[in-house]
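Engineer: Got a structure for you, questions after.
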Amino acid sequence: MKKMWSGRFRQPLDPEFELWQRSFSFDKRLLKYELTASSAHARALKNAGILSADEMISILEGLQKIGEKAAASPAFLDDSEAEDVHHFVEKQLAALIGDTGYKLHSGRSRNEQIATDLRLYVRASIDELRQELAAFCGVLADRAGQAADAAMPAYTHLQRAEPVLVAHWMLAYVEMFLRDASRLADCRKRLNVCPLGSGAVAGATLPLDRGFMAETLGFDAPTANSIDATSDRDFALEFVQALTALTLHLSRWAEEMILFSSQEYGFISLPENYSTGSSAMPQKKNPDLLELVRGKSGRVIGHATALLITLKGLPLAYNKDLQETQEPLFDSSDTVLQLLPLVTGWMKAAEFHQDRMQQAAQSGFMNAWAAATYLVRHGVPSRLSHEQVGKAVQIAMEKGCELQDLSLEELHAINPAFGPDFYHSLTLASVLPIHDVPGGTAFTRVQLALSAARKKIDSLREEVHAHA
Ligand code: ARG
């Protein structure tokens with residue numbers, strides 16, 4: 001029996017078509033999940049009285065042997081006949097244990113098998129990705145802790161806006177990436193139902209205990225509708241979409257690191273172990289890691305689009321188009337799983353020039369809002385204080401100095417409310433602490449935010465551990 005379905009055919013397939021429609025070259029990576037899902041099915045067959053205890057044991061042993069052979073030698077998977085991973089396992093099982101092997105497929109369809117294998121694959125990928133995210137966030141938090149009370153400019157419209165703590169800036173990224181971890185957890189929750197027992201479309205033709213199979217495979221429940229279960233790839237789409245948000249964040253992070261490592265900013269030195277040189281310009285050190293991170297986001301966004309378009313317009317239930325959802329799914333997961341340890345390593349190795357950052361935080365009128373706040377505290381209406389400090393900025397710009405370099409006389413000409421304590425209110429040591437609200441950049445608030453972030457990272461680690 002070469003094929004799983006040749007009975008009703010009189011003619012052999014066109015050889016080119018036959019090769020072209022196969023999925024084994026890429027779905028072989030699902031072997032591990034195919035074997036576990038098949039074991040659960042074999043147990044259910046035995047419970048339903050279709051397999052004898054001996055037959056079940058022989059099938060379970062055969063499945064285990066297939067796993068061992070694959071682990072021992074990748075060449076075992078070079079099969080010139082296998083159409084897909086399901087066919088491969090059936091063939092190998094029959095080769096190992098004889099005709100009993102062909103009993104495994106009783107009451108099931110490849111449509112439910114692939115839906116199950118893919119859910120198991122995505123679930124495992126999510127666990128791995130969340131572990132890597134915890135490691136990355138851990139390093140971001142460490143760097144925030146090391147930055148202590150160092151300051152830097154924060155930008156809006158890429159123009160200097162207000163000084164912030166370097167730690168506050170780092171923690172902004174922690175928030176972003178923890179959101180990605182939580183999006184993946186959300187996707188995991190929804191995908192964790194078991195299609196086994198859905199059959200080809202209408203439900204299994206044998207009285208299989210679906211609850212038992214779901215539980216054996218660590219799913220929360222069986223899927224509710226066999227038509228939906230065999231045609232649904234929402235979990236793949238949601239997963240890849242969650243990865244587009246994650247790569248988009250990585251891309252924004254990379255872009256900022258590239259900017260800050262340019263001579264124009266000079267805030268960061270690129271770590272040599274993650275940079276490359278130029279074959280032409282001897283002085284160059286280029287941010288290739290960061291650029292590739294930024295570039296890879298395009299690839300994952302492309303995969304999400306491919307999935308959307310593949311699924312759009314498919315009638316219920318299984319259609320072979322669904323086979324086309326596998327490669328974009330696998331590549332998205334592989335791409336991000338490769339990226340995360342690299343960005344974690346980069347983040348550990350990057351050198352911050354806190355002196356330059358601190359210096360930049362103290363020029364360019366970034367204390368202007370604090371100056372206006374000084375007037376507001378003296379009873380001046382906000383709109384007026386804004387206008388008057390704006391005037392002061394204009395005078396200082398004409399003189400080529402900062403606000404704190406203006407004399408009290410010059411300031412009094414604008415508003416007599418300016419007192420000698422105004423100068424103190426303009427120092428970095430005064431400007432930062434007035435942002436004293438939860439989520440603000442005052443030192444004590446940032447310390448609290450840092451310990452809150454560490455707690456979130458720890459519970460992310462614990463959640464991932466609990467799933468292992
Ligand atoms: N290789 C197929 C896929 O990935 C498995 C399901 C095949 N089902 C079928 N009815 N031809 O979608």
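Residues are named by chain letter and number: chains run A, B, ... in the order of the structure tokens, numbers start at 1 in each chain, and ligands are numbered from 1 in the order shown.
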Select from segment 159-219 of chain A everything DSSP, run on the backbone, classes as helix (DSSP H, G or I), then give the selection as a count of residues only.

Structural biologist: 33

Engineer: What do you get as a VMD selection string if you pick all residues at most 10 Å from ligand 1, counting only C-alpha atoms and all ligand atoms?

Structural biologist: chain A and resid 4 to 5 21 to 24 26 to 27 83 to 87 109 to 115 117 to 118 200 to 201 230 to 231 318 to 327

Engineer: Keeping N, CA, C and O atoms, export the residues of the selection given above as a CSV table (one decimal), in the first residue's frame.

Structural biologist:
```
chain,number,residue,atom,x,y,z
A,4,MET,N,-2.2,6.4,1.0
A,4,MET,CA,-3.2,6.2,2.0
A,4,MET,C,-4.6,6.2,1.4
A,4,MET,O,-5.6,6.1,2.1
A,5,TRP,N,-4.7,6.4,0.1
A,5,TRP,CA,-6.0,6.7,-0.5
A,5,TRP,C,-6.2,6.1,-1.9
A,5,TRP,O,-7.1,6.6,-2.6
A,21,GLN,N,2.6,18.1,-4.7
A,21,GLN,CA,1.5,18.3,-3.7
A,21,GLN,C,1.9,17.8,-2.3
A,21,GLN,O,1.2,17.9,-1.3
A,22,ARG,N,3.1,17.2,-2.2
A,22,ARG,CA,3.5,16.6,-0.9
A,22,ARG,C,3.9,17.7,0.1
A,22,ARG,O,4.3,18.8,-0.3
A,23,SER,N,3.8,17.4,1.4
A,23,SER,CA,4.2,18.4,2.4
A,23,SER,C,5.3,17.8,3.3
A,23,SER,O,5.7,18.5,4.3
A,24,PHE,N,5.7,16.6,3.0
A,24,PHE,CA,6.6,15.9,4.0
A,24,PHE,C,7.9,16.7,4.2
A,24,PHE,O,8.5,16.8,5.3
A,26,PHE,N,8.4,19.7,4.6
A,26,PHE,CA,8.3,20.7,5.7
A,26,PHE,C,7.5,20.2,6.9
A,26,PHE,O,7.7,20.6,8.1
A,27,ASP,N,6.5,19.3,6.7
A,27,ASP,CA,5.8,18.9,7.9
A,27,ASP,C,6.5,17.8,8.7
A,27,ASP,O,6.0,17.3,9.8
A,83,GLU,N,4.1,11.1,1.6
A,83,GLU,CA,3.4,12.2,1.1
A,83,GLU,C,3.4,13.3,2.2
A,83,GLU,O,3.6,14.5,1.9
A,84,ASP,N,3.2,12.9,3.4
A,84,ASP,CA,3.2,13.9,4.5
A,84,ASP,C,3.6,13.1,5.8
A,84,ASP,O,3.8,11.9,5.7
A,85,VAL,N,3.7,13.8,6.9
A,85,VAL,CA,4.1,13.2,8.1
A,85,VAL,C,3.2,12.1,8.6
A,85,VAL,O,3.6,11.1,9.2
A,86,HIS,N,1.9,12.2,8.2
A,86,HIS,CA,0.9,11.2,8.7
A,86,HIS,C,1.2,9.9,7.9
A,86,HIS,O,1.2,8.8,8.5
A,87,HIS,N,1.4,10.1,6.6
A,87,HIS,CA,1.7,8.9,5.8
A,87,HIS,C,3.0,8.3,6.2
A,87,HIS,O,3.1,7.0,6.3
A,109,SER,N,-8.9,10.9,10.7
A,109,SER,CA,-8.6,11.5,9.4
A,109,SER,C,-7.4,12.4,9.6
A,109,SER,O,-7.1,12.9,10.7
A,110,ARG,N,-6.7,12.5,8.5
A,110,ARG,CA,-5.5,13.4,8.5
A,110,ARG,C,-5.9,14.9,8.8
A,110,ARG,O,-5.2,15.7,9.3
A,111,ASN,N,-7.2,15.2,8.5
A,111,ASN,CA,-7.7,16.6,8.7
A,111,ASN,C,-7.6,16.9,10.2
A,111,ASN,O,-7.3,18.0,10.6
A,112,GLU,N,-8.0,16.0,11.1
A,112,GLU,CA,-8.0,16.3,12.5
A,112,GLU,C,-6.6,16.2,13.0
A,112,GLU,O,-6.1,16.9,13.9
A,113,GLN,N,-5.8,15.3,12.4
A,113,GLN,CA,-4.4,15.1,12.8
A,113,GLN,C,-3.6,16.3,12.6
A,113,GLN,O,-2.8,16.8,13.5
A,114,ILE,N,-3.7,16.9,11.4
A,114,ILE,CA,-2.8,18.1,11.2
A,114,ILE,C,-3.3,19.2,12.0
A,114,ILE,O,-2.4,20.0,12.6
A,115,ALA,N,-4.6,19.3,12.2
A,115,ALA,CA,-5.1,20.4,13.1
A,115,ALA,C,-4.5,20.2,14.5
A,115,ALA,O,-4.2,21.2,15.2
A,117,ASP,N,-1.7,18.4,15.4
A,117,ASP,CA,-0.2,18.6,15.4
A,117,ASP,C,0.2,20.0,15.4
A,117,ASP,O,1.1,20.5,16.2
A,118,LEU,N,-0.5,20.8,14.6
A,118,LEU,CA,-0.2,22.2,14.5
A,118,LEU,C,-0.5,23.0,15.9
A,118,LEU,O,0.3,23.8,16.3
A,200,ALA,N,-13.0,13.5,9.7
A,200,ALA,CA,-12.6,14.3,8.5
A,200,ALA,C,-13.4,15.6,8.5
A,200,ALA,O,-12.8,16.7,8.1
A,201,VAL,N,-14.6,15.6,9.0
A,201,VAL,CA,-15.4,16.8,9.1
A,201,VAL,C,-16.6,16.7,10.0
A,201,VAL,O,-17.1,17.6,10.6
A,230,THR,N,-11.7,21.0,12.1
A,230,THR,CA,-10.8,20.6,11.0
A,230,THR,C,-10.5,21.7,10.0
A,230,THR,O,-9.6,21.5,9.2
A,231,SER,N,-11.2,22.8,10.1
A,231,SER,CA,-10.9,23.9,9.1
A,231,SER,C,-10.3,25.1,9.8
A,231,SER,O,-9.8,26.0,9.1
A,318,TYR,N,-12.2,21.3,5.7
A,318,TYR,CA,-10.8,21.2,5.3
A,318,TYR,C,-10.7,21.4,3.8
A,318,TYR,O,-11.5,20.9,3.0
A,319,ASN,N,-9.7,22.2,3.4
A,319,ASN,CA,-9.3,22.4,2.0
A,319,ASN,C,-7.8,22.2,2.0
A,319,ASN,O,-7.1,22.7,2.9
A,320,LYS,N,-7.3,21.7,0.9
A,320,LYS,CA,-5.8,21.5,0.9
A,320,LYS,C,-5.0,22.8,0.9
A,320,LYS,O,-3.8,22.8,1.3
A,321,ASP,N,-5.7,23.9,0.6
A,321,ASP,CA,-5.0,25.2,0.8
A,321,ASP,C,-4.4,25.3,2.2
A,321,ASP,O,-3.4,26.0,2.4
A,322,LEU,N,-5.1,24.7,3.1
A,322,LEU,CA,-4.6,24.8,4.5
A,322,LEU,C,-3.1,24.3,4.7
A,322,LEU,O,-2.5,24.7,5.6
A,323,GLN,N,-2.7,23.4,3.8
A,323,GLN,CA,-1.4,23.0,3.8
A,323,GLN,C,-0.4,24.1,3.7
A,323,GLN,O,0.7,24.1,4.2
A,324,GLU,N,-0.8,25.1,3.0
A,324,GLU,CA,0.0,26.3,2.7
A,324,GLU,C,0.2,27.2,3.9
A,324,GLU,O,0.9,28.2,3.9
A,325,THR,N,-0.5,26.9,5.0
A,325,THR,CA,-0.4,27.8,6.2
A,325,THR,C,0.9,27.3,7.0
A,325,THR,O,1.3,28.0,7.9
A,326,GLN,N,1.4,26.1,6.7
A,326,GLN,CA,2.4,25.6,7.5
A,326,GLN,C,3.8,26.4,7.4
A,326,GLN,O,4.4,26.7,8.5
A,327,GLU,N,4.2,26.6,6.2
A,327,GLU,CA,5.6,27.2,6.1
A,327,GLU,C,5.7,28.6,6.7
A,327,GLU,O,6.6,28.9,7.4
```

Engineer: Can you measure atom CA of Leu339 of chain A to atom CA of Val293 of chain A for me? One decimal in Å is fine.

Structural biologist: 6.9 Å

Engineer: Between atom CA of Leu133 of chain A and atom CA of Pro328 of chain A, what is the distance, to one decimal in Å?

Structural biologist: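 Rounded to one decimal, the two atoms are 21.2 Å apart.
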
Engineer: Can you check which residues of segment 33-264 of chain A DSSP gives as strand (DSSP E) on the backbone and send them as a list in words?

Structural biologist: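 Checking each residue of segment 33-264 of chain A, the strand (DSSP E) ones are Ala151, Met152, Pro153, Ala154, Tyr155, Thr156, Gln159, Arg160, Ala161, Glu162, Pro163, Val164, Leu165, Val193, Cys194, Ala221 and Pro222 of chain A.
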
Engineer: Any chance you can output those residues with all heavy atoms as a compact mmCIF listing (two decimals), in the first residue's frame?

Structural biologist:
```
# COMPACT_ATOMS: atom_id res chain seq x y z
N ALA A 151 20.64 60.23 33.71
CA ALA A 151 19.54 60.83 32.92
C ALA A 151 19.90 60.88 31.45
O ALA A 151 21.06 60.71 31.06
CB ALA A 151 19.24 62.22 33.44
N MET A 152 18.91 61.10 30.65
CA MET A 152 19.07 61.22 29.20
C MET A 152 17.91 62.06 28.67
O MET A 152 16.93 62.27 29.38
CB MET A 152 19.04 59.84 28.54
CG MET A 152 17.68 59.16 28.67
SD MET A 152 17.62 57.50 27.99
CE MET A 152 17.65 57.84 26.24
N PRO A 153 18.00 62.51 27.42
CA PRO A 153 16.85 63.23 26.87
C PRO A 153 15.77 62.23 26.46
O PRO A 153 16.08 61.14 25.98
CB PRO A 153 17.41 63.91 25.62
CG PRO A 153 18.88 63.65 25.61
CD PRO A 153 19.14 62.49 26.49
N ALA A 154 14.53 62.62 26.66
CA ALA A 154 13.43 61.88 26.02
C ALA A 154 12.98 62.76 24.86
O ALA A 154 13.07 63.99 24.93
CB ALA A 154 12.29 61.67 27.00
N TYR A 155 12.56 62.10 23.81
CA TYR A 155 12.21 62.82 22.58
C TYR A 155 10.73 62.69 22.27
O TYR A 155 10.13 61.64 22.51
CB TYR A 155 13.00 62.25 21.39
CG TYR A 155 14.49 62.34 21.58
CD1 TYR A 155 15.18 61.38 22.32
CD2 TYR A 155 15.21 63.41 21.05
CE1 TYR A 155 16.54 61.47 22.53
CE2 TYR A 155 16.58 63.51 21.25
CZ TYR A 155 17.24 62.54 21.99
OH TYR A 155 18.59 62.64 22.20
N THR A 156 10.15 63.73 21.76
CA THR A 156 8.85 63.59 21.08
C THR A 156 9.08 64.23 19.72
O THR A 156 9.81 65.22 19.61
CB THR A 156 7.70 64.29 21.84
OG1 THR A 156 7.94 65.69 21.83
CG2 THR A 156 7.56 63.79 23.27
N GLN A 159 12.47 65.32 18.66
CA GLN A 159 13.09 66.54 19.15
C GLN A 159 13.21 66.40 20.66
O GLN A 159 12.34 65.80 21.29
CB GLN A 159 12.19 67.76 18.83
CG GLN A 159 11.76 67.89 17.38
CD GLN A 159 12.90 68.33 16.47
OE1 GLN A 159 13.76 69.10 16.87
NE2 GLN A 159 12.92 67.80 15.25
N ARG A 160 14.28 66.98 21.20
CA ARG A 160 14.46 66.89 22.66
C ARG A 160 13.23 67.44 23.37
O ARG A 160 12.77 68.54 23.08
CB ARG A 160 15.68 67.69 23.08
CG ARG A 160 16.94 66.95 22.77
CD ARG A 160 18.14 67.62 23.38
NE ARG A 160 19.34 66.95 22.89
CZ ARG A 160 20.56 67.32 23.19
NH1 ARG A 160 20.77 68.36 23.98
NH2 ARG A 160 21.58 66.66 22.70
N ALA A 161 12.71 66.64 24.32
CA ALA A 161 11.47 67.04 24.99
C ALA A 161 11.71 67.31 26.47
O ALA A 161 11.68 68.46 26.91
CB ALA A 161 10.43 65.95 24.80
N GLU A 162 11.98 66.25 27.24
CA GLU A 162 12.21 66.41 28.68
C GLU A 162 13.27 65.41 29.09
O GLU A 162 13.39 64.34 28.48
CB GLU A 162 10.93 66.10 29.45
CG GLU A 162 9.84 67.14 29.32
CD GLU A 162 8.73 66.84 30.31
OE1 GLU A 162 7.87 66.00 29.99
OE2 GLU A 162 8.74 67.42 31.41
N PRO A 163 13.99 65.71 30.17
CA PRO A 163 14.94 64.70 30.65
C PRO A 163 14.19 63.56 31.34
O PRO A 163 13.13 63.78 31.92
CB PRO A 163 15.79 65.48 31.67
CG PRO A 163 14.97 66.63 32.08
CD PRO A 163 14.00 66.93 30.97
N VAL A 164 14.73 62.36 31.21
CA VAL A 164 14.17 61.18 31.90
C VAL A 164 15.34 60.37 32.43
O VAL A 164 16.49 60.57 32.03
CB VAL A 164 13.33 60.28 30.96
CG1 VAL A 164 12.03 60.94 30.56
CG2 VAL A 164 14.13 59.86 29.73
N LEU A 165 15.04 59.45 33.31
CA LEU A 165 16.07 58.53 33.75
C LEU A 165 16.30 57.47 32.67
O LEU A 165 15.35 57.03 32.02
CB LEU A 165 15.65 57.84 35.05
CG LEU A 165 15.61 58.73 36.30
CD1 LEU A 165 15.12 57.93 37.50
CD2 LEU A 165 17.00 59.33 36.58
N VAL A 193 -7.33 23.56 22.79
CA VAL A 193 -8.43 22.59 22.71
C VAL A 193 -8.07 21.55 21.66
O VAL A 193 -7.33 21.84 20.73
CB VAL A 193 -9.78 23.28 22.38
CG1 VAL A 193 -10.34 23.98 23.60
CG2 VAL A 193 -9.63 24.26 21.23
N CYS A 194 -8.61 20.38 21.81
CA CYS A 194 -8.12 19.23 21.05
C CYS A 194 -9.06 18.78 19.92
O CYS A 194 -10.19 18.36 20.17
CB CYS A 194 -7.92 18.07 22.02
SG CYS A 194 -7.21 16.62 21.24
N ALA A 221 -9.76 20.94 26.78
CA ALA A 221 -11.04 20.32 26.42
C ALA A 221 -10.97 19.88 24.97
O ALA A 221 -10.08 20.30 24.23
CB ALA A 221 -12.17 21.33 26.59
N PRO A 222 -11.92 19.04 24.53
CA PRO A 222 -12.01 18.77 23.09
C PRO A 222 -12.63 19.98 22.39
O PRO A 222 -13.36 20.74 23.03
CB PRO A 222 -12.97 17.57 23.01
CG PRO A 222 -13.27 17.14 24.40
CD PRO A 222 -12.91 18.26 25.32
```

Engineer: Record the distance separating atom CA of Leu93 of chain A and atom CA of Lys65 of chain A, expressed in Å with one decimal.

Structural biologist: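 Calculated distance between atom CA of Leu93 of chain A and atom CA of Lys65 of chain A is 8.9 Å.
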
Engineer: Tell me, as a PDB file with N, CA and C atoms, in the first residue's frame, which residues lie within 12 Å of Thr244 of chain A, counting only C-alpha atoms; anything in the same chain fewer than 5 positions away does not count.

Structural biologist:
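Writing done, so here's out33.pdb:
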```pdb
ATOM      1  N   ASP A 180       3.926  41.613  24.679  1.00  0.00           N
ATOM      2  CA  ASP A 180       4.021  40.546  23.666  1.00  0.00           C
ATOM      3  C   ASP A 180       3.905  39.175  24.314  1.00  0.00           C
ATOM      4  N   ARG A 183       0.323  38.631  25.057  1.00  0.00           N
ATOM      5  CA  ARG A 183      -0.454  38.316  23.841  1.00  0.00           C
ATOM      6  C   ARG A 183      -0.274  36.834  23.470  1.00  0.00           C
ATOM      7  N   LEU A 184       0.958  36.345  23.615  1.00  0.00           N
ATOM      8  CA  LEU A 184       1.209  34.938  23.298  1.00  0.00           C
ATOM      9  C   LEU A 184       0.485  34.019  24.284  1.00  0.00           C
ATOM     10  N   LEU A 237      -2.934  31.943  12.789  1.00  0.00           N
ATOM     11  CA  LEU A 237      -2.998  33.351  12.416  1.00  0.00           C
ATOM     12  C   LEU A 237      -2.734  34.246  13.630  1.00  0.00           C
ATOM     13  N   GLU A 238      -3.422  33.944  14.726  1.00  0.00           N
ATOM     14  CA  GLU A 238      -3.239  34.745  15.945  1.00  0.00           C
ATOM     15  C   GLU A 238      -1.794  34.705  16.415  1.00  0.00           C
ATOM     16  N   PHE A 239      -1.210  33.526  16.325  1.00  0.00           N
ATOM     17  CA  PHE A 239       0.177  33.350  16.759  1.00  0.00           C
ATOM     18  C   PHE A 239       1.110  34.213  15.901  1.00  0.00           C
ATOM     19  N   HIS A 249       7.980  45.517  17.569  1.00  0.00           N
ATOM     20  CA  HIS A 249       8.624  46.108  18.742  1.00  0.00           C
ATOM     21  C   HIS A 249      10.140  45.961  18.666  1.00  0.00           C
ATOM     22  N   LEU A 250      10.575  44.782  18.233  1.00  0.00           N
ATOM     23  CA  LEU A 250      12.025  44.576  18.110  1.00  0.00           C
ATOM     24  C   LEU A 250      12.598  45.529  17.073  1.00  0.00           C
ATOM     25  N   SER A 251      11.830  45.766  16.027  1.00  0.00           N
ATOM     26  CA  SER A 251      12.285  46.645  14.968  1.00  0.00           C
ATOM     27  C   SER A 251      12.390  48.090  15.480  1.00  0.00           C
ATOM     28  N   ARG A 294      15.677  44.627  12.453  1.00  0.00           N
ATOM     29  CA  ARG A 294      14.681  45.525  11.848  1.00  0.00           C
ATOM     30  C   ARG A 294      14.156  44.925  10.551  1.00  0.00           C
ATOM     31  N   LYS A 296      14.101  41.705   9.613  1.00  0.00           N
ATOM     32  CA  LYS A 296      13.348  40.448   9.749  1.00  0.00           C
ATOM     33  C   LYS A 296      11.881  40.708  10.064  1.00  0.00           C
ATOM     34  N   SER A 297      11.573  41.859  10.618  1.00  0.00           N
ATOM     35  CA  SER A 297      10.168  42.121  10.943  1.00  0.00           C
ATOM     36  C   SER A 297       9.332  42.124   9.659  1.00  0.00           C
ATOM     37  N   GLY A 298       9.940  42.557   8.573  1.00  0.00           N
ATOM     38  CA  GLY A 298       9.231  42.578   7.288  1.00  0.00           C
ATOM     39  C   GLY A 298       8.831  41.170   6.870  1.00  0.00           C
ATOM     40  N   ARG A 299       9.720  40.255   7.156  1.00  0.00           N
ATOM     41  CA  ARG A 299       9.488  38.860   6.791  1.00  0.00           C
ATOM     42  C   ARG A 299       8.295  38.283   7.568  1.00  0.00           C
ATOM     43  N   VAL A 300       8.254  38.557   8.863  1.00  0.00           N
ATOM     44  CA  VAL A 300       7.171  38.010   9.685  1.00  0.00           C
ATOM     45  C   VAL A 300       5.842  38.690   9.332  1.00  0.00           C
ATOM     46  N   ILE A 301       5.887  39.983   9.097  1.00  0.00           N
ATOM     47  CA  ILE A 301       4.664  40.691   8.691  1.00  0.00           C
ATOM     48  C   ILE A 301       4.153  40.104   7.367  1.00  0.00           C
ATOM     49  N   GLY A 302       5.094  39.771   6.480  1.00  0.00           N
ATOM     50  CA  GLY A 302       4.733  39.134   5.208  1.00  0.00           C
ATOM     51  C   GLY A 302       4.044  37.797   5.430  1.00  0.00           C
ATOM     52  N   HIS A 303       4.549  37.021   6.378  1.00  0.00           N
ATOM     53  CA  HIS A 303       3.943  35.711   6.666  1.00  0.00           C
ATOM     54  C   HIS A 303       2.513  35.868   7.191  1.00  0.00           C
ATOM     55  N   ALA A 304       2.306  36.885   8.024  1.00  0.00           N
ATOM     56  CA  ALA A 304       0.955  37.103   8.571  1.00  0.00           C
ATOM     57  C   ALA A 304       0.004  37.432   7.418  1.00  0.00           C
ATOM     58  N   THR A 305       0.495  38.217   6.486  1.00  0.00           N
ATOM     59  CA  THR A 305      -0.328  38.569   5.326  1.00  0.00           C
ATOM     60  C   THR A 305      -0.608  37.328   4.483  1.00  0.00           C
ATOM     61  N   LEU A 329       3.976  29.764   9.027  1.00  0.00           N
ATOM     62  CA  LEU A 329       3.907  29.576  10.476  1.00  0.00           C
ATOM     63  C   LEU A 329       5.273  29.166  11.028  1.00  0.00           C
ATOM     64  N   SER A 332       7.939  31.958  10.719  1.00  0.00           N
ATOM     65  CA  SER A 332       7.751  33.069  11.668  1.00  0.00           C
ATOM     66  C   SER A 332       8.315  32.680  13.023  1.00  0.00           C
ATOM     67  N   SER A 333       7.955  31.488  13.455  1.00  0.00           N
ATOM     68  CA  SER A 333       8.406  31.035  14.759  1.00  0.00           C
ATOM     69  C   SER A 333       9.936  30.901  14.793  1.00  0.00           C
ATOM     70  N   THR A 335      12.134  32.382  12.909  1.00  0.00           N
ATOM     71  CA  THR A 335      12.779  33.699  12.798  1.00  0.00           C
ATOM     72  C   THR A 335      12.852  34.372  14.162  1.00  0.00           C
ATOM     73  N   VAL A 336      11.732  34.385  14.883  1.00  0.00           N
ATOM     74  CA  VAL A 336      11.714  35.101  16.158  1.00  0.00           C
ATOM     75  C   VAL A 336      12.511  34.346  17.225  1.00  0.00           C
TER      76      VAL A 336
END
```

Engineer: With 10 Å as the cut-off and only C-alpha atoms counted, what is the closest atom pair between each nearby residue of segment 60-170 of chain A and segment 459-466 of chain A? Distances in Å to one decimal, ordered by chain and number, as a tab-separated table.

Structural biologist:
```
residue	atom	partner	partner_atom	distance
A:Ile126	CA	A:Val464	CA	9.2
A:Asp127	CA	A:Val464	CA	5.9
A:Glu128	CA	A:Val464	CA	8.0
A:Leu129	CA	A:Val464	CA	9.5
A:Arg130	CA	A:Val464	CA	6.8
A:Gln131	CA	A:Val464	CA	6.2
A:Glu132	CA	A:Arg461	CA	9.5
A:Leu133	CA	A:Leu460	CA	8.9
A:Ala134	CA	A:Arg461	CA	6.2
A:Ala135	CA	A:Arg461	CA	8.5
A:Gly138	CA	A:Arg461	CA	9.9
```

Engineer: Can you tell me, as a compact mmCIF listing (two decimals) with all heavy atoms, in the first residue's frame, what residues are no more than 7 Å from segment 41-48 of chain A when counting only C-alpha atoms, ignoring any on the same chain fewer than 5 positions away?

Structural biologist:
```txt
# COMPACT_ATOMS: atom_id res chain seq x y z
N ALA A 53 -5.51 -5.08 23.75
CA ALA A 53 -4.43 -4.51 24.57
C ALA A 53 -3.08 -4.78 23.90
O ALA A 53 -2.21 -3.90 23.83
CB ALA A 53 -4.46 -5.10 25.97
N MET A 56 -2.57 -2.50 20.93
CA MET A 56 -2.26 -1.15 21.36
C MET A 56 -0.80 -1.04 21.81
O MET A 56 -0.08 -0.13 21.40
CB MET A 56 -3.16 -0.71 22.51
CG MET A 56 -2.80 0.69 23.00
SD MET A 56 -3.57 1.11 24.57
CE MET A 56 -2.56 0.16 25.70
N LEU A 104 -4.04 1.68 13.19
CA LEU A 104 -3.97 2.95 13.92
C LEU A 104 -4.88 4.01 13.31
O LEU A 104 -5.42 4.85 14.02
CB LEU A 104 -2.51 3.45 13.94
CG LEU A 104 -2.29 4.84 14.54
CD1 LEU A 104 -2.70 4.89 16.02
CD2 LEU A 104 -0.82 5.26 14.42
N PRO A 207 -16.73 5.25 18.61
CA PRO A 207 -17.02 5.92 19.88
C PRO A 207 -15.75 6.23 20.68
O PRO A 207 -15.46 5.61 21.68
CB PRO A 207 -17.90 4.89 20.63
CG PRO A 207 -17.46 3.57 20.10
CD PRO A 207 -17.05 3.78 18.66
N LEU A 208 -15.01 7.22 20.20
CA LEU A 208 -13.74 7.55 20.84
C LEU A 208 -13.98 8.54 21.98
O LEU A 208 -14.80 9.45 21.85
CB LEU A 208 -12.78 8.18 19.82
CG LEU A 208 -12.43 7.28 18.63
CD1 LEU A 208 -11.55 8.04 17.63
CD2 LEU A 208 -11.71 6.01 19.10
N ASP A 209 -13.26 8.35 23.06
CA ASP A 209 -13.40 9.24 24.23
C ASP A 209 -12.56 10.49 23.99
O ASP A 209 -11.36 10.51 24.23
CB ASP A 209 -12.93 8.49 25.48
CG ASP A 209 -13.16 9.30 26.74
OD1 ASP A 209 -13.39 10.53 26.64
OD2 ASP A 209 -13.10 8.70 27.83
N MET A 213 -8.66 11.84 25.22
CA MET A 213 -7.57 12.20 24.31
C MET A 213 -7.08 13.63 24.59
O MET A 213 -5.88 13.90 24.61
CB MET A 213 -8.01 12.07 22.85
CG MET A 213 -8.21 10.61 22.43
SD MET A 213 -8.38 10.41 20.65
CE MET A 213 -10.04 10.98 20.37
```

Engineer: Pick from A:Met347, A:Ala40, A:Ala229, A:Leu307: nearest to Pro271 of chain A, with only C-alpha atoms counted?

Structural biologist: A:Met347
